[in-house]
Every structure is written in structure tokens, then in C-alpha cells.
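File shown: coords-v5.pdb (PDB, C-alpha atoms and all ligand atoms).
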```pdb
ATOM      1  CA  MET A   1      -2.042  19.836   1.663
ATOM      2  CA  MET A   2      -1.112  18.457  -1.769
ATOM      3  CA  GLU A   3       0.013  14.870  -2.250
ATOM      4  CA  LEU A   4       0.910  14.154  -5.853
ATOM      5  CA  LEU A   5       1.529  10.707  -7.247
ATOM      6  CA  LYS A   6       3.426  10.814 -10.538
ATOM      7  CA  CYS A   7       1.769   8.400 -12.996
ATOM      8  CA  GLY A   8       3.848   8.656 -16.174
ATOM      9  CA  ASP A   9       2.741  11.777 -18.043
ATOM     10  CA  LYS A  10      -0.117  12.437 -15.595
ATOM     11  CA  SER A  11      -0.366  13.102 -11.860
ATOM     12  CA  LEU A  12      -2.888  12.082  -9.245
ATOM     13  CA  ASP A  13      -3.703  14.384  -6.357
ATOM     14  CA  LEU A  14      -4.358  12.084  -3.402
ATOM     15  CA  SER A  15      -5.092  14.845  -0.892
ATOM     16  CA  SER A  16      -8.759  13.918  -1.377
ATOM     17  CA  PRO A  17     -10.017  10.398  -2.165
ATOM     18  CA  VAL A  18      -9.851   9.237  -5.749
ATOM     19  CA  ILE A  19     -12.133   6.819  -7.586
ATOM     20  CA  MET A  20     -10.639   4.043  -9.690
ATOM     21  CA  GLY A  21     -13.269   2.664 -12.071
ATOM     22  CA  VAL A  22     -13.121  -1.034 -12.920
ATOM     23  CA  LEU A  23     -12.944  -2.007 -16.591
ATOM     24  CA  ASN A  24     -12.898  -5.727 -17.304
ATOM     25  CA  VAL A  25     -11.783  -6.759 -20.758
ATOM     26  CA  THR A  26     -13.460 -10.132 -20.807
ATOM     27  CA  PRO A  27     -13.157 -13.081 -23.218
ATOM     28  CA  ASP A  28     -13.689 -12.297 -26.848
ATOM     29  CA  SER A  29     -16.534 -13.356 -29.088
ATOM     30  CA  PHE A  30     -15.720 -15.668 -32.002
ATOM     31  CA  SER A  31     -16.328 -13.183 -34.793
ATOM     32  CA  ASP A  32     -13.452 -11.354 -36.540
ATOM     33  CA  GLY A  33     -14.997  -7.995 -35.767
ATOM     34  CA  GLY A  34     -15.293  -8.936 -32.119
ATOM     35  CA  ARG A  35     -12.100  -7.326 -31.011
ATOM     36  CA  TYR A  36     -12.873  -3.943 -32.577
ATOM     37  CA  LEU A  37     -16.317  -3.915 -31.025
ATOM     38  CA  GLN A  38     -14.782  -4.844 -27.700
ATOM     39  CA  VAL A  39     -12.345  -1.948 -27.846
ATOM     40  CA  ASP A  40     -15.191   0.409 -28.752
ATOM     41  CA  ASP A  41     -17.256  -0.884 -25.876
ATOM     42  CA  ALA A  42     -14.350  -0.555 -23.432
ATOM     43  CA  LEU A  43     -13.797   3.022 -24.566
ATOM     44  CA  ARG A  44     -17.455   3.875 -24.015
ATOM     45  CA  GLN A  45     -17.430   2.313 -20.543
ATOM     46  CA  ALA A  46     -14.282   4.201 -19.605
ATOM     47  CA  GLU A  47     -15.764   7.452 -20.910
ATOM     48  CA  SER A  48     -18.887   6.948 -18.845
ATOM     49  CA  MET A  49     -16.896   6.239 -15.672
ATOM     50  CA  ILE A  50     -14.790   9.368 -16.253
ATOM     51  CA  GLN A  51     -17.982  11.380 -16.665
ATOM     52  CA  ASP A  52     -19.135   9.965 -13.327
ATOM     53  CA  GLY A  53     -15.917  11.109 -11.670
ATOM     54  CA  ALA A  54     -13.305   8.365 -12.021
ATOM     55  CA  LEU A  55      -9.763   9.757 -12.231
ATOM     56  CA  VAL A  56      -8.265   6.299 -12.789
ATOM     57  CA  ILE A  57      -9.484   3.425 -14.960
ATOM     58  CA  ASP A  58      -8.252  -0.006 -13.843
ATOM     59  CA  ILE A  59      -8.138  -2.339 -16.824
ATOM     60  CA  GLY A  60      -7.907  -6.071 -16.217
ATOM     61  CA  ALA A  61      -7.970  -9.080 -18.538
ATOM     62  CA  GLU A  62      -7.307 -11.845 -16.039
ATOM     63  CA  SER A  63     -10.236 -12.740 -13.846
ATOM     64  CA  THR A  64      -8.947 -13.212 -10.308
ATOM     65  CA  ARG A  65     -12.333 -14.194  -8.974
ATOM     66  CA  PRO A  66     -12.370 -17.542  -7.171
ATOM     67  CA  ASN A  67     -12.624 -20.430  -9.682
ATOM     68  CA  ALA A  68     -11.833 -18.328 -12.767
ATOM     69  CA  HIS A  69      -9.828 -19.700 -15.691
ATOM     70  CA  PRO A  70      -6.176 -18.668 -16.014
ATOM     71  CA  VAL A  71      -5.339 -16.431 -18.991
ATOM     72  CA  SER A  72      -2.181 -16.823 -21.103
ATOM     73  CA  GLU A  73       0.322 -13.991 -21.446
ATOM     74  CA  GLN A  74      -0.548 -13.627 -25.135
ATOM     75  CA  GLU A  75      -4.286 -13.485 -24.422
ATOM     76  CA  GLU A  76      -3.694 -10.868 -21.742
ATOM     77  CA  LEU A  77      -1.634  -8.752 -24.176
ATOM     78  CA  ASP A  78      -4.188  -9.174 -26.969
ATOM     79  CA  ARG A  79      -7.034  -8.068 -24.741
ATOM     80  CA  LEU A  80      -5.321  -5.196 -22.955
ATOM     81  CA  LEU A  81      -3.011  -3.423 -25.369
ATOM     82  CA  PRO A  82      -5.603  -2.265 -27.947
ATOM     83  CA  VAL A  83      -7.785  -0.925 -25.122
ATOM     84  CA  ILE A  84      -4.894   0.933 -23.490
ATOM     85  CA  GLU A  85      -3.955   2.437 -26.850
ATOM     86  CA  ARG A  86      -7.501   3.694 -27.548
ATOM     87  CA  ILE A  87      -8.098   5.094 -24.077
ATOM     88  CA  LYS A  88      -4.719   6.826 -24.126
ATOM     89  CA  GLN A  89      -5.542   8.415 -27.505
ATOM     90  CA  GLN A  90      -9.015   9.579 -26.664
ATOM     91  CA  LEU A  91      -9.460  10.104 -22.922
ATOM     92  CA  ASP A  92      -7.779  12.121 -20.178
ATOM     93  CA  VAL A  93      -7.400   9.645 -17.343
ATOM     94  CA  VAL A  94      -4.754   7.656 -15.481
ATOM     95  CA  ILE A  95      -4.701   4.122 -16.870
ATOM     96  CA  SER A  96      -4.074   1.431 -14.274
ATOM     97  CA  ILE A  97      -3.277  -2.107 -15.397
ATOM     98  CA  ASP A  98      -4.479  -4.993 -13.247
ATOM     99  CA  THR A  99      -1.788  -7.541 -14.093
ATOM    100  CA  SER A 100       0.894  -9.806 -12.590
ATOM    101  CA  THR A 101       2.646 -10.546 -15.899
ATOM    102  CA  PRO A 102       6.067  -8.941 -16.535
ATOM    103  CA  LYS A 103       5.628  -8.586 -20.297
ATOM    104  CA  VAL A 104       2.198  -7.019 -19.826
ATOM    105  CA  ILE A 105       3.667  -4.567 -17.315
ATOM    106  CA  ILE A 106       6.360  -3.490 -19.796
ATOM    107  CA  GLU A 107       4.139  -3.274 -22.893
ATOM    108  CA  SER A 108       1.393  -1.415 -21.029
ATOM    109  CA  ALA A 109       3.853   1.157 -19.743
ATOM    110  CA  LEU A 110       5.175   1.701 -23.298
ATOM    111  CA  LEU A 111       1.613   2.482 -24.437
ATOM    112  CA  GLY A 112       1.142   5.054 -21.686
ATOM    113  CA  ALA A 113      -0.284   3.235 -18.681
ATOM    114  CA  GLY A 114       0.194   5.252 -15.494
ATOM    115  CA  LEU A 115      -0.073   2.693 -12.710
ATOM    116  CA  ILE A 116       0.604  -1.013 -12.113
ATOM    117  CA  ASN A 117      -1.993  -2.782  -9.983
ATOM    118  CA  ASP A 118      -0.793  -6.266  -9.090
ATOM    119  CA  VAL A 119      -2.932  -8.516  -6.910
ATOM    120  CA  ARG A 120       0.185 -10.739  -6.576
ATOM    121  CA  ALA A 121       2.313  -7.827  -5.344
ATOM    122  CA  LEU A 122       5.066  -8.452  -7.945
ATOM    123  CA  GLN A 123       5.784 -11.983  -6.731
ATOM    124  CA  ARG A 124       5.869 -13.556 -10.221
ATOM    125  CA  ASP A 125       9.307 -14.204 -11.713
ATOM    126  CA  GLY A 126      10.521 -11.049 -13.403
ATOM    127  CA  ALA A 127       7.675  -8.842 -12.150
ATOM    128  CA  LEU A 128       9.766  -6.754  -9.731
ATOM    129  CA  ALA A 129      12.345  -5.987 -12.417
ATOM    130  CA  ALA A 130       9.637  -5.208 -14.986
ATOM    131  CA  ALA A 131       7.817  -2.851 -12.642
ATOM    132  CA  ALA A 132      11.070  -1.149 -11.633
ATOM    133  CA  ALA A 133      11.940  -0.605 -15.309
ATOM    134  CA  THR A 134       8.669   1.278 -15.930
ATOM    135  CA  GLY A 135       9.226   3.807 -13.155
ATOM    136  CA  LEU A 136       5.444   3.804 -12.580
ATOM    137  CA  PRO A 137       3.638   3.695  -9.235
ATOM    138  CA  ILE A 138       2.688   0.205  -8.087
ATOM    139  CA  CYS A 139      -0.182  -1.034  -5.966
ATOM    140  CA  LEU A 140       0.927  -3.958  -3.790
ATOM    141  CA  MET A 141      -2.028  -6.105  -2.714
ATOM    142  CA  HIS A 142      -2.198  -8.876  -0.144
ATOM    143  CA  MET A 143      -3.584 -12.268  -1.109
ATOM    144  CA  GLN A 144      -3.429 -15.507   0.852
ATOM    145  CA  GLY A 145      -3.076 -18.477  -1.502
ATOM    146  CA  GLN A 146      -3.934 -18.531  -5.211
ATOM    147  CA  PRO A 147      -7.137 -17.262  -6.842
ATOM    148  CA  ASN A 148      -8.586 -20.714  -7.638
ATOM    149  CA  THR A 149      -8.262 -22.053  -4.078
ATOM    150  CA  MET A 150      -7.887 -18.999  -1.840
ATOM    151  CA  GLN A 151     -11.438 -19.102  -0.445
ATOM    152  CA  GLN A 152     -11.288 -22.772   0.575
ATOM    153  CA  GLN A 153      -9.828 -22.465   4.076
ATOM    154  CA  PRO A 154      -8.547 -18.946   4.827
ATOM    155  CA  TYR A 155      -6.729 -18.916   8.157
ATOM    156  CA  TYR A 156      -4.868 -16.262  10.122
ATOM    157  CA  GLN A 157      -3.580 -16.082  13.665
ATOM    158  CA  SER A 158      -3.999 -12.323  13.376
ATOM    159  CA  VAL A 159      -5.144 -11.025  10.015
ATOM    160  CA  VAL A 160      -4.045  -7.404  10.515
ATOM    161  CA  GLU A 161      -0.544  -8.359  11.677
ATOM    162  CA  GLU A 162      -0.073 -10.919   8.935
ATOM    163  CA  VAL A 163      -1.223  -8.618   6.150
ATOM    164  CA  GLN A 164       1.022  -5.878   7.558
ATOM    165  CA  ALA A 165       4.017  -8.249   7.644
ATOM    166  CA  PHE A 166       3.384  -9.323   4.052
ATOM    167  CA  LEU A 167       3.092  -5.731   2.817
ATOM    168  CA  GLN A 168       6.278  -4.764   4.669
ATOM    169  CA  GLN A 169       8.102  -7.656   2.999
ATOM    170  CA  ARG A 170       6.856  -6.583  -0.459
ATOM    171  CA  ILE A 171       7.795  -2.935   0.201
ATOM    172  CA  ASP A 172      11.305  -4.136   1.117
ATOM    173  CA  ALA A 173      11.494  -6.261  -2.039
ATOM    174  CA  CYS A 174      10.510  -3.243  -4.158
ATOM    175  CA  VAL A 175      12.986  -0.917  -2.495
ATOM    176  CA  ALA A 176      15.711  -3.576  -2.926
ATOM    177  CA  VAL A 177      15.308  -3.462  -6.729
ATOM    178  CA  GLY A 178      15.409   0.331  -6.807
ATOM    179  CA  ILE A 179      11.710   1.231  -6.752
ATOM    180  CA  SER A 180      11.304   4.302  -4.598
ATOM    181  CA  ARG A 181       9.037   3.939  -1.611
ATOM    182  CA  GLU A 182       7.060   7.014  -2.673
ATOM    183  CA  GLN A 183       5.891   5.088  -5.745
ATOM    184  CA  LEU A 184       4.055   2.469  -3.709
ATOM    185  CA  LEU A 185       0.398   2.064  -2.813
ATOM    186  CA  LEU A 186      -0.907  -0.606  -0.451
ATOM    187  CA  ASP A 187      -4.047  -2.742  -0.509
ATOM    188  CA  VAL A 188      -5.179  -5.277   2.115
ATOM    189  CA  GLY A 189      -6.895  -7.310  -0.636
ATOM    190  CA  PHE A 190     -10.514  -7.685   0.455
ATOM    191  CA  GLY A 191     -11.832 -11.108  -0.516
ATOM    192  CA  PHE A 192      -8.458 -12.534  -1.494
ATOM    193  CA  GLY A 193      -8.049 -15.508   0.848
ATOM    194  CA  LYS A 194     -10.230 -14.037   3.603
ATOM    195  CA  THR A 195     -13.423 -14.961   5.401
ATOM    196  CA  LEU A 196     -16.117 -12.369   6.075
ATOM    197  CA  GLN A 197     -14.720 -11.941   9.574
ATOM    198  CA  HIS A 198     -11.191 -11.313   8.230
ATOM    199  CA  ASN A 199     -12.549  -8.759   5.753
ATOM    200  CA  LEU A 200     -14.521  -6.953   8.448
ATOM    201  CA  GLU A 201     -11.544  -6.859  10.784
ATOM    202  CA  LEU A 202      -9.366  -5.383   8.027
ATOM    203  CA  LEU A 203     -11.987  -2.762   7.188
ATOM    204  CA  GLY A 204     -12.626  -1.844  10.816
ATOM    205  CA  ARG A 205      -8.908  -1.629  11.575
ATOM    206  CA  LEU A 206      -7.796  -0.056   8.278
ATOM    207  CA  THR A 207      -6.300   2.916  10.174
ATOM    208  CA  GLU A 208      -3.628   0.526  11.470
ATOM    209  CA  PHE A 209      -2.243   0.409   7.915
ATOM    210  CA  GLU A 210      -1.524   4.137   8.122
ATOM    211  CA  VAL A 211       1.731   3.180   9.923
ATOM    212  CA  PHE A 212       3.294   2.614   6.485
ATOM    213  CA  ASP A 213       2.598   6.213   5.554
ATOM    214  CA  LEU A 214       1.683   5.128   2.012
ATOM    215  CA  PRO A 215      -1.626   5.672   0.184
ATOM    216  CA  LEU A 216      -4.180   2.914   0.800
ATOM    217  CA  LEU A 217      -6.281   1.505  -2.035
ATOM    218  CA  VAL A 218      -9.396  -0.558  -1.311
ATOM    219  CA  GLY A 219     -11.621  -2.704  -3.500
ATOM    220  CA  MET A 220     -14.840  -4.127  -2.102
ATOM    221  CA  SER A 221     -17.223  -3.297  -4.949
ATOM    222  CA  ARG A 222     -19.691  -6.137  -5.650
ATOM    223  CA  LYS A 223     -17.616  -8.672  -3.704
ATOM    224  CA  SER A 224     -19.107 -11.611  -1.843
ATOM    225  CA  MET A 225     -18.309 -10.094   1.576
ATOM    226  CA  LEU A 226     -21.137  -7.638   0.806
ATOM    227  CA  GLY A 227     -23.435 -10.453  -0.261
ATOM    228  CA  ALA A 228     -22.635 -12.273   2.983
ATOM    229  CA  ILE A 229     -23.332  -9.216   5.160
ATOM    230  CA  LEU A 230     -26.725  -8.818   3.468
ATOM    231  CA  GLY A 231     -27.503 -12.537   3.721
ATOM    232  CA  SER A 232     -26.466 -13.968   0.325
ATOM    233  CA  ALA A 233     -27.414 -11.031  -1.889
ATOM    234  CA  PRO A 234     -26.601 -11.627  -5.580
ATOM    235  CA  VAL A 235     -23.947  -9.519  -7.316
ATOM    236  CA  ASN A 236     -26.485  -7.105  -8.815
ATOM    237  CA  GLU A 237     -27.931  -6.298  -5.382
ATOM    238  CA  ARG A 238     -24.737  -5.237  -3.648
ATOM    239  CA  LEU A 239     -24.624  -1.579  -4.689
ATOM    240  CA  PHE A 240     -25.685   0.112  -1.444
ATOM    241  CA  ALA A 241     -23.601  -2.202   0.721
ATOM    242  CA  GLY A 242     -20.601  -1.492  -1.496
ATOM    243  CA  VAL A 243     -21.151   2.239  -1.200
ATOM    244  CA  ALA A 244     -21.374   1.926   2.603
ATOM    245  CA  ALA A 245     -18.180  -0.159   2.725
ATOM    246  CA  ALA A 246     -16.344   2.436   0.609
ATOM    247  CA  THR A 247     -17.564   5.158   2.972
ATOM    248  CA  VAL A 248     -16.173   3.316   5.997
ATOM    249  CA  ALA A 249     -12.893   2.720   4.173
ATOM    250  CA  VAL A 250     -12.454   6.426   3.433
ATOM    251  CA  MET A 251     -13.317   7.304   7.047
ATOM    252  CA  ASN A 252     -10.586   4.836   8.012
ATOM    253  CA  GLY A 253      -7.936   6.271   5.726
ATOM    254  CA  ALA A 254      -8.377   4.926   2.175
ATOM    255  CA  SER A 255      -7.086   7.255  -0.565
ATOM    256  CA  ILE A 256      -8.189   5.319  -3.649
ATOM    257  CA  VAL A 257     -11.433   3.374  -3.975
ATOM    258  CA  ARG A 258     -11.671   0.770  -6.727
ATOM    259  CA  THR A 259     -15.299   0.387  -7.813
ATOM    260  CA  HIS A 260     -17.663  -0.650 -10.593
ATOM    261  CA  ASP A 261     -20.184   1.948  -9.394
ATOM    262  CA  VAL A 262     -18.431   5.243  -9.808
ATOM    263  CA  LYS A 263     -21.116   7.893  -9.335
ATOM    264  CA  ALA A 264     -22.736   6.477  -6.208
ATOM    265  CA  THR A 265     -19.356   5.747  -4.650
ATOM    266  CA  ARG A 266     -17.957   9.179  -5.452
ATOM    267  CA  GLU A 267     -20.916  10.950  -3.821
ATOM    268  CA  ALA A 268     -20.758   8.821  -0.684
ATOM    269  CA  ILE A 269     -17.030   9.137  -0.154
ATOM    270  CA  ALA A 270     -17.269  12.891  -0.655
ATOM    271  CA  VAL A 271     -19.383  12.946   2.523
ATOM    272  CA  ALA A 272     -16.967  10.694   4.406
ATOM    273  CA  PHE A 273     -14.020  12.815   3.385
ATOM    274  CA  ALA A 274     -15.734  16.089   4.235
ATOM    275  CA  VAL A 275     -16.240  14.819   7.789
ATOM    276  CA  LYS A 276     -12.764  13.352   8.005
ATOM    277  CA  ASN A 277     -11.106  16.487   6.708
ATOM    278  CA  LEU A 278     -12.915  18.562   9.314
ATOM    279  CA  GLU A 279     -11.595  16.295  12.038
ATOM    280  CA  LEU A 280      -8.045  16.698  10.734
ATOM    281  CA  THR A 281      -8.216  20.506  10.700
ATOM    282  CA  LYS A 282      -9.504  21.002  14.249
ATOM    283  CA  THR A 283      -7.496  20.853  17.560
TER     284      THR A 283
HETATM  285  C1  LIG B   1      -8.759  -5.321  -5.131
HETATM  286  O1  LIG B   1      -9.478  -5.497  -4.137
HETATM  287  N1  LIG B   1      -9.941  -6.853  -6.797
HETATM  288  S1  LIG B   1     -10.455  -8.254  -9.095
HETATM  289  C2  LIG B   1     -15.275 -11.004  -7.047
HETATM  290  C3  LIG B   1     -16.516 -10.420  -7.181
HETATM  291  C4  LIG B   1     -16.637  -9.114  -7.570
HETATM  292  C5  LIG B   1     -15.498  -8.377  -7.843
HETATM  293  C6  LIG B   1     -18.764 -10.926  -7.616
HETATM  294  N2  LIG B   1      -8.524  -6.483  -8.453
HETATM  295  C7  LIG B   1      -8.990  -5.973  -6.379
HETATM  296  O2  LIG B   1     -13.070  -7.015  -8.267
HETATM  297  N3  LIG B   1      -7.059  -4.904  -7.323
HETATM  298  C8  LIG B   1      -9.619  -7.145  -8.056
HETATM  299  O3  LIG B   1     -17.606 -11.179  -6.888
HETATM  300  C9  LIG B   1      -8.126  -5.741  -7.409
HETATM  301  N4  LIG B   1      -7.684  -4.508  -5.068
HETATM  302  C10 LIG B   1      -6.853  -4.287  -6.130
HETATM  303  N5  LIG B   1      -5.822  -3.469  -5.985
HETATM  304  C11 LIG B   1     -11.733  -8.950  -8.057
HETATM  305  C12 LIG B   1     -13.016  -8.208  -8.047
HETATM  306  C13 LIG B   1     -14.239  -8.974  -7.739
HETATM  307  C14 LIG B   1     -14.153 -10.287  -7.335
END
```
Can you dump the structure from the file as C-alpha cells?
Ligand code: YH5
Amino acid sequence: MMELLKCGDKSLDLSSPVIMGVLNVTPDSFSDGGRYLQVDDALRQAESMIQDGALVIDIGAESTRPNAHPVSEQEELDRLLPVIERIKQQLDVVISIDTSTPKVIIESALLGAGLINDVRALQRDGALAAAAATGLPICLMHMQGQPNTMQQQPYYQSVVEEVQAFLQQRIDACVAVGISREQLLLDVGFGFGKTLQHNLELLGRLTEFEVFDLPLLVGMSRKSMLGAILGSAPVNERLFAGVAAATVAVMNGASIVRTHDVKATREAIAVAFAVKNLELTKT
């Protein structure tokens, strides 16, 4: 079985789970040389994640963590574009752009990005049209509320049904502007306007998102749900919990795992997929 996702000039085989490595392009230093050093550093990080087995590098300039500062369009462009350009020149990998900004979507695609990863599921003005114009695959993620306030009072009558309804509505919106359904990936958005219980229910019932018959992407790496499960573990002590969560997600149908910890995650999900694949082949 071969399931190919066309990502610009590269393809992704999703018949076995794929690792997406996280690359944050964080605020610049004040020195003039800062930006060059930052691009160099980003390139080295990407290279190391590829060596560890990442087939996709997800580059983000806007922090969508709770309580993070908003980033202007110009700042997002200034941070992302030089990094995209360098990685495209020097490395063989699908470049995913974690953005909600139409201009960033367009400019990234022109520099060779292969995937649009939008935590706002193309709800910003102009984002649907921009994404459609690129022809690239798009990851549609669910979020309740806005990043700065989303963790204040998350509430659902039924989290699985509500996330499903949202994703269906965003799929319809994409198809309505001429994006083909086969270009879409779905993400339940762990930690985005969800309590620990909501996150656990989504993870435990992830197979129910297979009804869309679209690849599922998950991102739990280092998130506070892991800290909460362990009893308030700090960010740097969430590795094994994150690896376990990724393993469960792959058992439950995830095709792409977004992680900061590529090697450990790749080895664990290889086990999950080996077992899963065996189950699919018998009867
Ligand atoms: C995601 O799930 N997440 S950015 C808070 C943390 C740690 C990590 C320490 N972009 C996702 O990674 N894109 C982000 O606490 C994403 N799915 C997709 N598709 C948030 C993040 C993080 C937040």
C-alpha cells in the first residue's frame, strides 16, 4: 500500500508514520549578525533532525503557546523566509510552515515550502485563498478560542463530536475554494483550548477521526498535558511521556507525528506501527 502526498517538488509516503521535526525560529538578538547566526543555527538543527529520521521540518515563527506575544506579519516573514531559503538550498526534506498569515503562506510556497500547517485552520481573512493558490497540502488543526486565552475555561459538551464538526466545516470551506480534499491533513489540536481530560479523550478516541479518511497529524511533544499526567513535570522532563503519547497516537491511526524529539519518537512509533501493520494484514 502506497499513499503519496504531493508536497510541491517532493512527495511524502504516508503508508508508514512520518516524523515532523519542530523548528522554532524565535526572537532575534539585537546584534546585526544575529540573523545570519540564527539561520545557521536553524540549518544545523534541521540537519540534525533529518539525521535522526525527520522527513518533514515544521518551521514556525509565531509562538502559539498560551500567553505568548503576537508576531507581526513582517516579523514572521523576516524570521521564516531566510530559513526556508537555506534549508531548501542545502537539505532534502519537506518544509512545513506553521503559519496562519496569508502573505507568509504565499511567500513560503514561492521559496519551496511543501506543506502549510495552520493552527487556525485557514480562518484568517485571505488564508483560504492564499492556501488554495499555492496548491500545497494543508494541515487543518482544531483550536477552541485564541492562543492567549484558550486555556482559561475550555468547555465541550462532547469534545470528539465538536472537534469533528469543526474539522468537517473547515474541510468544506477548503473544498469550496477549490482545494482538493486529497490535499488535506487533520489535527485535533492537543492543548489548544483543551483540559487534560479533553486531550486524553481525543487521544484515546483518535480512531474516530478515521471517518474522514484523511491523514491525521498529532502534536503532543513537550506539552503541558504530559506535565499534568506526570504531576507537574517541567518541560525538560516530558520526553518519555511524549514518546509514549506518540506511540498511542500511532496505534490509534496517526500518520504524522510532530515532535521536538525526533530519534526517540521515531524508534517508538516504529514499534507501534509494526504491531499495527500486522493487525491490518491478518484476517
Ligand atoms: C500541533 O499540535 N502545536 S505549537 C506548548 C508547549 C510545548 C509545545 C511547553 N503547532 C501544534 O508545540 N501544529 C504547535 O509547552 C502545531 N499541531 C500542529 N499541526 C505548540 C507547541 C507547544 C506548546
For this session: Would you translate the PyMOL selection byres (((chain A and resi 101) around 9) and not hetatm) into the concrete set of residues it matches in this file, as a count of residues only?
Result: 16
Could you give me, as a tab-separated table (two decimals) with C-alpha atoms, in the frame of the given file, the residues within 7 Å of region 201-212 of chain A, counting all atoms listed in the file and dropping anything in the same chain fewer than 5 positions from it?
```
chain	number	residue	atom	x	y	z
A	160	VAL	CA	-4.04	-7.40	10.52
A	249	ALA	CA	-12.89	2.72	4.17
A	252	ASN	CA	-10.59	4.84	8.01
A	253	GLY	CA	-7.94	6.27	5.73
```
Problem set entry | Selection within 8 Å of ligand LIG 1 (chain B) by all atoms listed in the file, output as a count of residues only | 31
Exercise. Neighbours of Leu110 (chain A) within 12 Å (all atoms listed in the file; same-chain residues fewer than 4 positions away dropped), as a ChimeraX atom specification?
Worked result: /A:8-9,81,84-85,88,103-106,114-115,130-131,133-136
Seminar exercise, completed: Nearest to Tyr36 (chain A), restricted to all atoms listed in the file and choosing among A:Lys6, A:Arg170, A:Lys276, A:Arg79, comes out as A:Arg79
For this session: Would you mind listing what lies within 8 Å of Leu55 (chain A) as a PyMOL selection string, with all atoms listed in the file counted and same-chain residues fewer than 4 positions away left out?
Result: chain A and resi 12+18-21+50+93-94
Could you list, as a PDB file with C-alpha atoms, in the coordinates of the input, every residue matched by the PyMOL selection byres (((chain A and resi 163) around 9) and not hetatm) in this structure?
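Final file, expr39.pdb:
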```pdb
ATOM      1  CA  HIS A 142      -2.198  -8.876  -0.144  1.00  0.00           C
ATOM      2  CA  MET A 143      -3.584 -12.268  -1.109  1.00  0.00           C
ATOM      3  CA  GLN A 144      -3.429 -15.507   0.852  1.00  0.00           C
ATOM      4  CA  SER A 158      -3.999 -12.323  13.376  1.00  0.00           C
ATOM      5  CA  VAL A 159      -5.144 -11.025  10.015  1.00  0.00           C
ATOM      6  CA  VAL A 160      -4.045  -7.404  10.515  1.00  0.00           C
ATOM      7  CA  GLU A 161      -0.544  -8.359  11.677  1.00  0.00           C
ATOM      8  CA  GLU A 162      -0.073 -10.919   8.935  1.00  0.00           C
ATOM      9  CA  GLN A 164       1.022  -5.878   7.558  1.00  0.00           C
ATOM     10  CA  ALA A 165       4.017  -8.249   7.644  1.00  0.00           C
ATOM     11  CA  PHE A 166       3.384  -9.323   4.052  1.00  0.00           C
ATOM     12  CA  LEU A 167       3.092  -5.731   2.817  1.00  0.00           C
ATOM     13  CA  GLN A 168       6.278  -4.764   4.669  1.00  0.00           C
ATOM     14  CA  VAL A 188      -5.179  -5.277   2.115  1.00  0.00           C
ATOM     15  CA  GLY A 189      -6.895  -7.310  -0.636  1.00  0.00           C
ATOM     16  CA  LEU A 202      -9.366  -5.383   8.027  1.00  0.00           C
TER      17      LEU A 202
END
```
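The interatomic distance for the pair CA of Val243 (chain A) and CA of Ala272 (chain A) works out to 11.0 Å.
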Problem set entry | Straight-line distance linking CA of Ala270 (chain A) with CA of Lys194 (chain A), stated in Å to one decimal |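 Pair CA of Ala270 (chain A) / CA of Lys194 (chain A) returns 28.2 Å.
Counting all atoms listed in the file, the residue from A:Ala46, A:Gly242, A:Gln146, A:Leu216 that sits nearest to Ile256 (chain A) is A:Leu216.
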Exercise. How many Å separate CA of Asn199 (chain A) from CA of Val271 (chain A)?
Worked result: 23.0 Å
Problem set entry | Exercise: Val39 (chain A) partners within 8 Å, all atoms listed in the file, chain neighbours under 3 positions left out, as an MDAnalysis selection string | chainID A and resid 35:36 42:43 82:83 86
Exercise. Which is closer to Leu23 (chain A) than all the others in A:Thr265, A:Ala228, A:Arg44, A:Gln74, using all atoms listed in the file?
Worked result: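 Smallest distance to Leu23 (chain A) is found for A:Arg44.
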Problem set entry | Top pick for closest residue to Gln51 (chain A), considering A:Met251, A:Leu91, A:Ala68, A:Val25 and counting only C-alpha atoms | A:Leu91
Problem set entry | Shell around Val250 (chain A) at 7 Å using all atoms listed in the file, local window under 5 positions removed, as a PyMOL selection string | chain A and resi 255+269+272-273
Problem set entry | Of the listed residues A:Leu239, A:Arg120, A:Ala254, A:His260, that which approaches Val56 (chain A) most closely, counting all atoms listed in the file |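 The closest residue to Val56 (chain A) is A:His260.
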